[in-house]
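Heads up, the thing below is written out as structure tokens.
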Amino acid sequence: MVTIKELAEKPELFTSGHRACAGCGPAVALRLIMKALRGPTIVTNATGCMEVVSTIYPYTSWKIPWVHTAFETAAANASGIEAALKALKRKNRLKHEHVDVIALAGDGGTYDIGIQALSGAAERGHDFLYVLYDNEAYMNTGIQRSGGTPYGASTTTSPAGTVIPGKVQYKKPIAEIMVAHEIPYVATASIGYWQDMVTKVQKGLAAEGPAFLHVFAPCPRGWRYDTSKTIEIARLAVETCIFPLWENVNGEYILSPQSKGVALKPERKKPVTEYLKMQRRFAHLFNPKFQQMLGEIQEDIDKRWNKLLKKCNVTITKV
Amino acid sequence: MATVQQKTLPLNGDEAVAYAAKQSDVDVVAAYPITPQTIIVEKFSEYVNNGEVDTEFVCVESEHSAIAACLTAALTGARTFTATASAGLALMHEMVYVTAGCRAPVVMAVTNRALSAPINIHCDHSDAMAERDSGWIQIWAENSQEAYDSVIQAFRIAEHPDLLTPVMVNLDGFFLSHTLENVKVSRDDDVKKFVGTRKFPSVIDAEGKRVPFKLDPDNPLTMGPLDLPDYYFEHKRQQEEAIRFAPKIIKEVHDEYARLTGRRYGNGFVDAYRLEDAEIATVCLGSAAGTTKTVVDQLRAKGIRAGVLRIRTLRPLPVEDIVKNFGNMKAIAVMDRSNSVGGHGGPLFHEIRHVLYDTQAHPNVVNYIYGLGGRDMPQSIILQIYKDLQEIATAGKVKKVVQFAGVRE
């Protein structure tokens, strides 16, 4: 496990001065990912908040080779880079022994418009790490719902109306979809737990073949909470089990320490309302008219959590 | 006169393209099959799986990913090739622009096919015409031999450090792609030597250092950044500036290739056939030129001063060559194998008539839309068009500017 001292000594490859909002979760994610690099690396970034805030010409926050081409192309771009590196290495035209390839994309670029390219790249088995920074809506264009937006959340295309109370579909189980691709490494991480997240980036890079890391990255602007609460919310998501942390290594599910702590001591599992009430995107759910949805959300979390525990072979001891 | 050894192989157009790519020391091919381009991908897969090439072949899940993968592979420093047609090119559309804008020197063969609907797998030029303004160089082949030669030349053109502009080599679906021809091919070593290895222009990085233009961990560059109204216009202007180098480079490459193989295609930009003293002429792209040349010979035998101009590079548009060949023409018919629905004639017509507007002679220019969806263009229809041109030349005026040839009205 990496220590904070070791991280502090690592160079900042995603530098300050970018235009991300105060309290931006994805920007924290990028900084941590860059701290986890193990050697020469090329990054490709889908269109989205992080591309926009970090590279307004002629400025750049990136101190490593970085390329953006379009919204739905992160995985295809990574495929091309990886294929080029392989070919150049074979022909003795690559200076480096190995170059890591990372694809970065938000939830829009991953769950929705980019899933075809991602699925294709995973199936082909390219050696790259795909990091999904999930802020649960199309934030770059002004908070429109995505396949990653949770049930009940109000967005500009799933507004909390008087008849329809926000998004009526559940979050797509994207990490499970990637597990179903039978790739060597899939994990979930939260920017609330830097050590766990950095370790998972390192494992993803070390895995031979495609690796997928689903990073939970709150967005104060889109989720409507105070900018000082980003890390608190990122942790609450894990503590309430709405976003549990786990790994799937070569097909085996392993519960990560923070979630395992909750699993072993179920009394630590916080009710989801604690998480929901901090964010105004869920404010309408506390209106008596829609309050039954709070129960539905809790029920859904419990159901998914129990399924996950089974997959991870964790038995809950009732107190 | 050729200076390199060559042999003749029976190849259809797609096979000729695949063979050229095989010989061109390509690092990455990312492609997705679509009729009538399929043979290119199939052939290349055979080369890969039989160990005949050292290429990394990415058999992607869509054309969108094919071009996206080629784009970043090219930016990483690889020589890249892809091929598509019709709906595949339309699916690539977004990335066709991005590839040119990122200055990624990808070479792509387009086996021209009609766009849906109605769905149709046969030849017309609507696919490539939709990409006319994307910033790619467009070469149009008349036969499979030219498709082979043009693909080899395309790598040298696209990757030239002064140009860094992707090149599209067009060949007519089925008429060329599926028709067996005797194609002269050079030896692998000679082609490899001709294409050489990629060279990279140097650019100034964020810290003011000169670095090679590629994704290189030792010299990090940020590529494809967000460009706002304060810079976007200049960058698009730079693309136009770069493509102005293209004629010089296309000519150099065409001439050098001709010295090696003995084959040239007009002056590399236009192929002027019996135009020196012609009074009437047609203009076309691709395989239709072959039939038209036969008709021109028949007319010439009867003493009619007819000719044909085949445009080889639609982009960059050979403005001077068009003016030079047509300045004193009495009547010209532009043959379009695609239509601009609701416009005033087809896209090639727009280009040609627009260029001739500035000439002193101001020749009469008419337009025939022909051959959509693979409709055959027999000699009889071409003859009729030359007859129409004779009437226009005699009368000095045009009855109908835009017409459809060979369609049931």
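FYI, nothing fancy with the structure tokens labels: chains A, B, ... in order, residues from 1 per chain, ligands from 1 as they appear.
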Find the residues around Ala160 of chain A up to 12 Å (only C-alpha atoms counted), leave out those fewer than 3 positions away in its own chain, and share them as a tab-separated table (two decimals) with C-alpha atoms, in the first residue's frame.
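Result file follows (out-v2.tsv):
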```
chain	number	residue	atom	x	y	z
A	145	ARG	CA	-28.97	12.40	-17.20
A	151	TYR	CA	-32.77	6.49	-9.59
A	152	GLY	CA	-34.63	9.56	-8.44
A	153	ALA	CA	-31.91	12.10	-9.25
A	154	SER	CA	-33.02	15.37	-10.77
A	155	THR	CA	-31.06	16.41	-13.84
A	156	THR	CA	-31.89	18.87	-16.60
A	157	THR	CA	-33.19	16.05	-18.81
A	163	VAL	CA	-45.62	14.27	-12.16
A	164	ILE	CA	-42.31	12.52	-12.86
A	165	PRO	CA	-39.90	12.81	-9.93
A	166	GLY	CA	-36.46	12.86	-11.59
A	167	LYS	CA	-34.82	9.85	-13.21
A	168	VAL	CA	-37.07	6.80	-13.15
A	280	ARG	CA	-30.27	18.87	-3.60
A	281	ARG	CA	-30.58	16.65	-6.69
A	282	PHE	CA	-32.52	14.35	-4.37
A	283	ALA	CA	-34.36	17.10	-2.42
A	284	HIS	CA	-37.73	16.33	-4.01
A	285	LEU	CA	-37.60	12.79	-2.65
A	286	PHE	CA	-38.10	14.19	0.83
A	287	ASN	CA	-41.41	15.71	-0.30
A	289	LYS	CA	-45.59	13.06	-2.43
A	290	PHE	CA	-42.52	11.11	-3.56
```
* To do: Please provide the set of residues having any atom within 10 Å of Asn77 of chain A, restricted to only C-alpha atoms, with same-chain residues fewer than 5 positions apart removed, written as a PyMOL selection string.
  => (chain A and resi 43-46+67-70+72+82-83+101-103+117+121) or (chain B and resi 65-73)
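Closest approach to Lys7 of chain B among B:Val398, B:Leu372, B:Ile311, B:Val185: B:Val185, based on only C-alpha atoms.
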Report the closest atom pair, with its distance in Å rounded to one decimal, for each residue of segment 171-236 of chain A that has an atom no farther than 7 Å from segment 243-253 of chain A; count only C-alpha atoms, sort by chain and then rising residue number, and write it as a Markdown table.
```
| residue | atom | partner | partner_atom | distance |
| --- | --- | --- | --- | --- |
| A:Glu182 | CA | A:Gly251 | CA | 6.6 |
| A:Ile183 | CA | A:Asn250 | CA | 6.8 |
| A:Pro184 | CA | A:Asn250 | CA | 4.5 |
| A:Tyr185 | CA | A:Val249 | CA | 4.9 |
| A:Val186 | CA | A:Asn248 | CA | 5.1 |
| A:Ala187 | CA | A:Glu247 | CA | 4.1 |
| A:Thr188 | CA | A:Leu245 | CA | 5.2 |
| A:Ala189 | CA | A:Leu245 | CA | 5.8 |
```
* To do: Fewer than 5 positions away in the same chain doesn't count, so skip those; otherwise give me all residues within 10 Å of Glu274 of chain A, counting only C-alpha atoms, as a ChimeraX atom specification.
  => /A:233,236-237,239-240,279
* Determine, counting only C-alpha atoms, which protein, DNA and RNA residues have an atom within 8 Å of an atom of segment 218-229 of chain B; residues of the same chain fewer than 2 positions away are not included. Present the result as a PyMOL selection string. => (chain A and resi 40+51-52+55-57+60+62-69) or (chain B and resi 102+205-206+211-216+231-233)
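Taking atom CA of Gly17 of chain A as the reference point, atom CA of Ile231 of chain A is found at 20.6 Å.
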* **Nearby residues (only C-alpha atoms) at most 12 Å from Cys241 of chain A, same-chain spacing under 3 positions excluded, as a VMD selection string** => chain A and resid 190 234 to 238 244 to 246 255 258 to 263 266 268 to 275 297 to 309
Write the residues you've just listed into a file as an mmCIF file, in the first residue's frame, and include C-alpha atoms for each of them.
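Ended up saving to out02.cif:
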```
data_model
loop_
_atom_site.group_PDB
_atom_site.id
_atom_site.type_symbol
_atom_site.label_atom_id
_atom_site.label_comp_id
_atom_site.auth_asym_id
_atom_site.auth_seq_id
_atom_site.Cartn_x
_atom_site.Cartn_y
_atom_site.Cartn_z
ATOM 1 C CA SER A 190 -13.997 6.336 -4.531
ATOM 2 C CA ALA A 234 -17.564 10.278 -1.693
ATOM 3 C CA ARG A 235 -17.131 8.409 1.601
ATOM 4 C CA LEU A 236 -20.812 8.391 2.500
ATOM 5 C CA ALA A 237 -21.553 6.656 -0.806
ATOM 6 C CA VAL A 238 -19.342 3.795 0.367
ATOM 7 C CA PRO A 244 -19.546 -0.308 -2.541
ATOM 8 C CA LEU A 245 -15.864 -0.856 -3.206
ATOM 9 C CA TRP A 246 -14.718 -4.129 -4.667
ATOM 10 C CA LEU A 255 -14.558 -6.802 -1.197
ATOM 11 C CA GLN A 258 -13.790 0.035 3.423
ATOM 12 C CA SER A 259 -16.741 -2.010 2.240
ATOM 13 C CA LYS A 260 -15.500 -5.106 4.005
ATOM 14 C CA GLY A 261 -15.548 -3.112 7.240
ATOM 15 C CA VAL A 262 -19.236 -2.434 6.666
ATOM 16 C CA ALA A 263 -19.869 -6.055 5.726
ATOM 17 C CA PRO A 266 -23.388 -4.371 9.495
ATOM 18 C CA ARG A 268 -21.845 0.493 10.466
ATOM 19 C CA LYS A 269 -23.962 0.533 7.307
ATOM 20 C CA LYS A 270 -25.540 3.981 7.233
ATOM 21 C CA PRO A 271 -29.043 4.588 5.909
ATOM 22 C CA VAL A 272 -29.039 6.002 2.397
ATOM 23 C CA THR A 273 -31.092 9.021 3.464
ATOM 24 C CA GLU A 274 -27.944 10.374 5.149
ATOM 25 C CA TYR A 275 -26.321 10.420 1.722
ATOM 26 C CA ILE A 297 -33.800 3.280 -3.102
ATOM 27 C CA GLN A 298 -32.871 1.701 0.255
ATOM 28 C CA GLU A 299 -34.409 -1.585 -0.818
ATOM 29 C CA ASP A 300 -32.475 -1.562 -4.062
ATOM 30 C CA ILE A 301 -29.204 -0.831 -2.281
ATOM 31 C CA ASP A 302 -29.795 -3.667 0.198
ATOM 32 C CA LYS A 303 -30.630 -6.095 -2.577
ATOM 33 C CA ARG A 304 -27.501 -5.228 -4.594
ATOM 34 C CA TRP A 305 -25.307 -5.196 -1.497
ATOM 35 C CA ASN A 306 -26.426 -8.683 -0.474
ATOM 36 C CA LYS A 307 -25.775 -9.928 -3.981
ATOM 37 C CA LEU A 308 -22.294 -8.448 -3.875
ATOM 38 C CA LEU A 309 -21.562 -10.028 -0.504
#
```
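Summary of the local environment: counting only C-alpha atoms, residues at most 12 Å from Leu7 of chain A, other than itself and those fewer than 3 positions away along its chain, are Met1, Val2, Thr3, Ile4, Lys10, Pro11, Glu12, Leu13, Arg31, Leu32, Ile33, Met34, Lys35, Ala36, Leu37, Trp194, Gln195, Val198 and Thr199 of chain A.
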Writing out the chosen residues with C-alpha atoms as a tab-separated table (two decimals), in the first residue's frame:
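Contents of out-v7.tsv, freshly written:
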```
chain	number	residue	atom	x	y	z
A	1	MET	CA	0.00	0.00	0.00
A	2	VAL	CA	1.26	3.39	-0.96
A	3	THR	CA	1.86	5.94	1.82
A	4	ILE	CA	0.93	9.60	1.81
A	10	LYS	CA	5.70	11.97	-6.68
A	11	PRO	CA	5.61	14.70	-9.31
A	12	GLU	CA	2.34	16.40	-10.12
A	13	LEU	CA	1.69	15.25	-13.69
A	31	ARG	CA	-4.53	13.90	-9.67
A	32	LEU	CA	-4.58	10.56	-7.84
A	33	ILE	CA	-4.37	8.57	-11.09
A	34	MET	CA	-1.34	10.56	-12.19
A	35	LYS	CA	0.28	9.91	-8.79
A	36	ALA	CA	-0.16	6.19	-9.37
A	37	LEU	CA	1.79	5.94	-12.65
A	194	TRP	CA	-7.04	7.86	-1.86
A	195	GLN	CA	-4.96	4.89	-0.74
A	198	VAL	CA	-4.14	4.65	-5.98
A	199	THR	CA	-3.57	0.96	-5.24
```
* Write out as an MDAnalysis selection string all residues of segment 50-123 of chain B that backbone DSSP assigns to strand (DSSP E or B). => chainID B and resid 56:59 80:84 107:112
Output of the above residues as a short mmCIF file (atom, residue, chain, number, x, y, z; two decimals), in the first residue's frame, restricted to C-alpha atoms:
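Ended up saving to again.cif:
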```
data_model
loop_
_atom_site.label_atom_id
_atom_site.label_comp_id
_atom_site.auth_asym_id
_atom_site.auth_seq_id
_atom_site.Cartn_x
_atom_site.Cartn_y
_atom_site.Cartn_z
CA GLU B 56 -0.59 -4.75 -35.89
CA PHE B 57 -4.07 -5.48 -37.20
CA VAL B 58 -6.94 -4.21 -35.05
CA CYS B 59 -10.15 -5.84 -36.17
CA THR B 80 -1.59 3.60 -40.43
CA PHE B 81 -4.06 2.38 -42.98
CA THR B 82 -7.78 1.70 -43.07
CA ALA B 83 -10.45 1.15 -45.69
CA THR B 84 -14.17 1.58 -45.85
CA VAL B 107 -4.24 6.64 -45.42
CA MET B 108 -7.72 5.31 -46.18
CA ALA B 109 -9.02 3.50 -49.22
CA VAL B 110 -12.68 4.16 -49.98
CA THR B 111 -14.36 1.65 -52.26
CA ASN B 112 -17.05 4.03 -53.40
#
```
As a compact mmCIF listing (two decimals) with N, CA and C atoms, in the first residue's frame, please: all residues of segment 38-261 of chain A that backbone DSSP puts in helix (DSSP H, G or I).
```
# COMPACT_ATOMS: atom_id res chain seq x y z
N CYS A 49 -15.96 17.04 -19.14
CA CYS A 49 -15.46 18.06 -18.22
C CYS A 49 -13.94 18.08 -18.13
N MET A 50 -13.33 16.91 -17.92
CA MET A 50 -11.90 16.89 -17.63
C MET A 50 -11.06 17.27 -18.84
N GLU A 51 -11.56 16.97 -20.01
CA GLU A 51 -10.86 17.39 -21.23
C GLU A 51 -10.95 18.90 -21.36
N VAL A 52 -12.15 19.40 -21.11
CA VAL A 52 -12.40 20.83 -21.31
C VAL A 52 -11.62 21.68 -20.30
N VAL A 53 -11.65 21.26 -19.03
CA VAL A 53 -11.02 22.13 -18.02
C VAL A 53 -9.49 22.07 -18.04
N SER A 54 -8.94 20.99 -18.61
CA SER A 54 -7.49 20.81 -18.47
C SER A 54 -6.69 21.24 -19.70
N ALA A 74 -12.73 7.06 -26.43
CA ALA A 74 -11.62 6.82 -25.49
C ALA A 74 -11.02 5.42 -25.67
N ALA A 75 -11.88 4.41 -25.71
CA ALA A 75 -11.37 3.04 -25.79
C ALA A 75 -10.78 2.74 -27.17
N ALA A 76 -11.40 3.29 -28.22
CA ALA A 76 -10.85 3.08 -29.57
C ALA A 76 -9.52 3.79 -29.71
N ASN A 77 -9.41 4.98 -29.14
CA ASN A 77 -8.14 5.71 -29.18
C ASN A 77 -7.06 4.95 -28.41
N ALA A 78 -7.44 4.40 -27.27
CA ALA A 78 -6.48 3.61 -26.49
C ALA A 78 -6.05 2.38 -27.30
N SER A 79 -6.99 1.76 -28.01
CA SER A 79 -6.67 0.60 -28.86
C SER A 79 -5.62 0.99 -29.89
N GLY A 80 -5.81 2.15 -30.51
CA GLY A 80 -4.88 2.61 -31.54
C GLY A 80 -3.50 2.90 -30.98
N ILE A 81 -3.47 3.53 -29.81
CA ILE A 81 -2.17 3.85 -29.19
C ILE A 81 -1.44 2.56 -28.83
N GLU A 82 -2.20 1.64 -28.22
CA GLU A 82 -1.59 0.38 -27.79
C GLU A 82 -1.09 -0.41 -28.99
N ALA A 83 -1.88 -0.43 -30.06
CA ALA A 83 -1.47 -1.16 -31.27
C ALA A 83 -0.22 -0.53 -31.87
N ALA A 84 -0.16 0.81 -31.87
CA ALA A 84 1.01 1.51 -32.41
C ALA A 84 2.25 1.18 -31.59
N LEU A 85 2.11 1.21 -30.27
CA LEU A 85 3.25 0.92 -29.39
C LEU A 85 3.77 -0.50 -29.63
N LYS A 86 2.84 -1.43 -29.77
CA LYS A 86 3.22 -2.83 -30.02
C LYS A 86 3.99 -2.95 -31.34
N ALA A 87 3.42 -2.33 -32.39
CA ALA A 87 4.05 -2.44 -33.71
C ALA A 87 5.43 -1.78 -33.70
N LEU A 88 5.51 -0.59 -33.10
CA LEU A 88 6.79 0.14 -33.09
C LEU A 88 7.83 -0.62 -32.27
N LYS A 89 7.38 -1.24 -31.19
CA LYS A 89 8.31 -2.01 -30.37
C LYS A 89 8.86 -3.20 -31.17
N ARG A 90 7.95 -3.88 -31.85
CA ARG A 90 8.35 -5.04 -32.65
C ARG A 90 9.36 -4.64 -33.72
N ASP A 107 -19.01 9.45 -17.25
CA ASP A 107 -20.09 8.46 -17.34
C ASP A 107 -20.80 8.54 -18.69
N GLY A 108 -20.92 9.72 -19.26
CA GLY A 108 -21.54 9.82 -20.60
C GLY A 108 -20.71 9.07 -21.62
N GLY A 109 -19.39 9.28 -21.58
CA GLY A 109 -18.47 8.66 -22.53
C GLY A 109 -18.29 7.17 -22.30
N THR A 110 -18.80 6.65 -21.18
CA THR A 110 -18.59 5.25 -20.86
C THR A 110 -19.89 4.44 -20.88
N TYR A 111 -20.85 4.84 -20.05
CA TYR A 111 -22.12 4.10 -19.97
C TYR A 111 -22.89 4.19 -21.28
N ASP A 112 -22.80 5.35 -21.92
CA ASP A 112 -23.70 5.63 -23.04
C ASP A 112 -22.99 5.61 -24.39
N ILE A 115 -19.86 3.08 -24.99
CA ILE A 115 -19.84 1.67 -24.50
C ILE A 115 -19.50 0.69 -25.62
N GLN A 116 -19.85 1.01 -26.85
CA GLN A 116 -19.54 0.10 -27.95
C GLN A 116 -18.03 -0.02 -28.14
N ALA A 117 -17.37 1.14 -28.16
CA ALA A 117 -15.91 1.13 -28.34
C ALA A 117 -15.24 0.46 -27.15
N LEU A 118 -15.78 0.69 -25.95
CA LEU A 118 -15.20 0.09 -24.74
C LEU A 118 -15.36 -1.43 -24.77
N SER A 119 -16.55 -1.88 -25.13
CA SER A 119 -16.80 -3.32 -25.18
C SER A 119 -15.90 -3.97 -26.24
N GLY A 120 -15.76 -3.30 -27.38
CA GLY A 120 -14.92 -3.83 -28.45
C GLY A 120 -13.46 -3.93 -28.02
N ALA A 121 -12.98 -2.89 -27.37
CA ALA A 121 -11.57 -2.88 -26.95
C ALA A 121 -11.32 -3.94 -25.89
N ALA A 122 -12.31 -4.13 -25.00
CA ALA A 122 -12.16 -5.15 -23.94
C ALA A 122 -12.16 -6.54 -24.56
N GLU A 123 -13.05 -6.74 -25.51
CA GLU A 123 -13.13 -8.05 -26.18
C GLU A 123 -11.83 -8.36 -26.93
N ARG A 124 -11.25 -7.33 -27.54
CA ARG A 124 -10.01 -7.56 -28.31
C ARG A 124 -8.80 -7.77 -27.40
N ILE A 174 -22.40 -0.82 -14.70
CA ILE A 174 -21.34 -0.79 -15.72
C ILE A 174 -20.14 -1.66 -15.35
N ALA A 175 -19.76 -1.64 -14.06
CA ALA A 175 -18.58 -2.44 -13.69
C ALA A 175 -18.87 -3.94 -13.84
N GLU A 176 -20.13 -4.31 -13.54
CA GLU A 176 -20.52 -5.72 -13.72
C GLU A 176 -20.50 -6.09 -15.21
N ILE A 177 -20.90 -5.15 -16.03
CA ILE A 177 -20.86 -5.38 -17.48
C ILE A 177 -19.42 -5.62 -17.91
N MET A 178 -18.50 -4.89 -17.31
CA MET A 178 -17.09 -5.09 -17.66
C MET A 178 -16.56 -6.41 -17.09
N VAL A 179 -17.06 -6.80 -15.92
CA VAL A 179 -16.69 -8.12 -15.38
C VAL A 179 -17.13 -9.21 -16.36
N TRP A 194 -8.15 7.69 -0.93
CA TRP A 194 -7.04 7.86 -1.86
C TRP A 194 -6.13 6.63 -1.94
N GLN A 195 -5.92 6.01 -0.75
CA GLN A 195 -4.96 4.89 -0.74
C GLN A 195 -5.50 3.71 -1.53
N ASP A 196 -6.76 3.42 -1.28
CA ASP A 196 -7.42 2.32 -2.01
C ASP A 196 -7.44 2.63 -3.51
N MET A 197 -7.74 3.88 -3.84
CA MET A 197 -7.86 4.22 -5.26
C MET A 197 -6.51 4.14 -5.98
N VAL A 198 -5.47 4.69 -5.35
CA VAL A 198 -4.14 4.65 -5.98
C VAL A 198 -3.69 3.21 -6.16
N THR A 199 -3.95 2.38 -5.15
CA THR A 199 -3.57 0.96 -5.24
C THR A 199 -4.27 0.30 -6.43
N LYS A 200 -5.54 0.65 -6.61
CA LYS A 200 -6.30 0.04 -7.70
C LYS A 200 -5.82 0.52 -9.07
N VAL A 201 -5.42 1.78 -9.15
CA VAL A 201 -4.85 2.25 -10.43
C VAL A 201 -3.58 1.46 -10.72
N GLN A 202 -2.77 1.29 -9.69
CA GLN A 202 -1.51 0.54 -9.87
C GLN A 202 -1.79 -0.90 -10.31
N LYS A 203 -2.79 -1.51 -9.69
CA LYS A 203 -3.12 -2.89 -10.07
C LYS A 203 -3.65 -2.94 -11.51
N GLY A 204 -4.45 -1.95 -11.85
CA GLY A 204 -5.00 -1.89 -13.20
C GLY A 204 -3.91 -1.75 -14.24
N LEU A 205 -2.91 -0.94 -13.93
CA LEU A 205 -1.80 -0.76 -14.86
C LEU A 205 -0.95 -2.03 -14.96
N ALA A 206 -0.83 -2.71 -13.83
CA ALA A 206 0.01 -3.91 -13.81
C ALA A 206 -0.67 -5.10 -14.50
N PRO A 220 -20.08 18.87 -7.19
CA PRO A 220 -20.89 19.79 -6.40
C PRO A 220 -21.90 20.58 -7.23
N ARG A 221 -21.51 20.93 -8.42
CA ARG A 221 -22.37 21.72 -9.29
C ARG A 221 -23.62 20.93 -9.71
N GLY A 222 -23.38 19.69 -10.11
CA GLY A 222 -24.49 18.89 -10.63
C GLY A 222 -25.31 18.22 -9.54
N TRP A 223 -24.66 17.94 -8.41
CA TRP A 223 -25.37 17.23 -7.35
C TRP A 223 -25.97 18.21 -6.33
N THR A 227 -19.35 22.95 -1.90
CA THR A 227 -18.09 22.45 -2.50
C THR A 227 -17.14 21.84 -1.48
N SER A 228 -17.34 22.10 -0.21
CA SER A 228 -16.43 21.55 0.81
C SER A 228 -16.80 20.10 1.15
N LYS A 229 -17.90 19.60 0.60
CA LYS A 229 -18.40 18.29 1.04
C LYS A 229 -18.05 17.14 0.09
N THR A 230 -17.24 17.40 -0.93
CA THR A 230 -16.98 16.38 -1.96
C THR A 230 -16.46 15.06 -1.36
N ILE A 231 -15.44 15.17 -0.54
CA ILE A 231 -14.83 13.94 0.00
C ILE A 231 -15.80 13.25 0.97
N GLU A 232 -16.51 14.06 1.75
CA GLU A 232 -17.47 13.51 2.70
C GLU A 232 -18.53 12.69 1.96
N ILE A 233 -19.02 13.24 0.87
CA ILE A 233 -20.05 12.54 0.08
C ILE A 233 -19.46 11.30 -0.59
N ALA A 234 -18.23 11.43 -1.05
CA ALA A 234 -17.56 10.28 -1.69
C ALA A 234 -17.40 9.13 -0.70
N ARG A 235 -17.25 9.46 0.58
CA ARG A 235 -17.13 8.41 1.60
C ARG A 235 -18.50 7.88 2.01
N LEU A 236 -19.45 8.81 2.12
CA LEU A 236 -20.81 8.39 2.50
C LEU A 236 -21.40 7.39 1.50
N ALA A 237 -21.05 7.57 0.22
CA ALA A 237 -21.55 6.66 -0.81
C ALA A 237 -21.10 5.23 -0.50
N VAL A 238 -19.87 5.11 0.02
CA VAL A 238 -19.34 3.79 0.37
C VAL A 238 -19.95 3.32 1.68
N GLU A 239 -20.07 4.23 2.64
CA GLU A 239 -20.60 3.87 3.96
C GLU A 239 -22.07 3.46 3.91
N PRO A 257 -11.30 -3.03 1.52
CA PRO A 257 -11.32 -2.83 2.98
C PRO A 257 -12.48 -1.99 3.52
N GLN A 258 -12.75 -0.85 2.89
CA GLN A 258 -13.79 0.03 3.42
C GLN A 258 -15.16 -0.64 3.40
N SER A 259 -15.45 -1.33 2.33
CA SER A 259 -16.74 -2.01 2.24
C SER A 259 -16.74 -3.28 3.08
N LYS A 260 -15.58 -3.90 3.18
CA LYS A 260 -15.50 -5.11 4.00
C LYS A 260 -15.78 -4.75 5.47
N GLY A 261 -15.30 -3.58 5.88
CA GLY A 261 -15.55 -3.11 7.24
C GLY A 261 -17.04 -3.03 7.51
```
* To do: Quote the spacing between atom CA of Asp127 of chain B and atom CA of Ser338 of chain B in Å to one decimal place.
  =>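 Computing it gives 8.7 Å between the two atoms.
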* To do: Name all residues at most 6 Å from Gly106 of chain A (count only C-alpha atoms; drop same-chain ones fewer than 5 positions away) and give them as a VMD selection string.
  => chain A and resid 132 to 134
Could you dump the residues just selected with N, CA and C atoms as a compact mmCIF listing (two decimals), in the first residue's frame?
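The result, stored in out.txt:
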```
# COMPACT_ATOMS: atom_id res chain seq x y z
N LEU A 132 -13.14 5.15 -15.64
CA LEU A 132 -14.41 5.87 -15.73
C LEU A 132 -14.49 6.78 -14.51
N TYR A 133 -14.49 8.09 -14.74
CA TYR A 133 -14.77 8.99 -13.60
C TYR A 133 -16.24 9.33 -13.66
N ASP A 134 -16.93 8.82 -12.66
CA ASP A 134 -18.40 8.84 -12.70
C ASP A 134 -18.93 9.97 -11.82
```
* Restricting the calculation to only C-alpha atoms, which member of A:His18, A:Thr47, A:Ala8, A:Glu267 is positioned closest to chain B? ->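 Nearest to chain B: A:Thr47.
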* Asked: At what distance in Å, to one decimal, does atom CA of Val355 of chain B lie from atom CA of Gln153 of chain B?
  ->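 Interatomic distance, atom CA of Gln153 of chain B to atom CA of Val355 of chain B: 26.8 Å.
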* Asked: B:Met335, B:Leu260, B:Ala361, B:Ala100: which is nearest chain A, counting only C-alpha atoms?
  ->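 Of the candidates, the smallest distance to chain A is held by B:Ala100.
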* Asked: Using only C-alpha atoms, which residue out of A:Ile42, A:Ala211, A:Ala20, A:Leu30 lies closest to chain B?
  ->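 Of A:Ile42, A:Ala211, A:Ala20, A:Leu30, the one nearest chain B, counting only C-alpha atoms, is A:Ile42.
The smallest atom-to-atom distance between Leu299 of chain B and any of B:Leu317, B:Gln384, B:Asn170, B:Lys43, using only C-alpha atoms, is found for B:Gln384.
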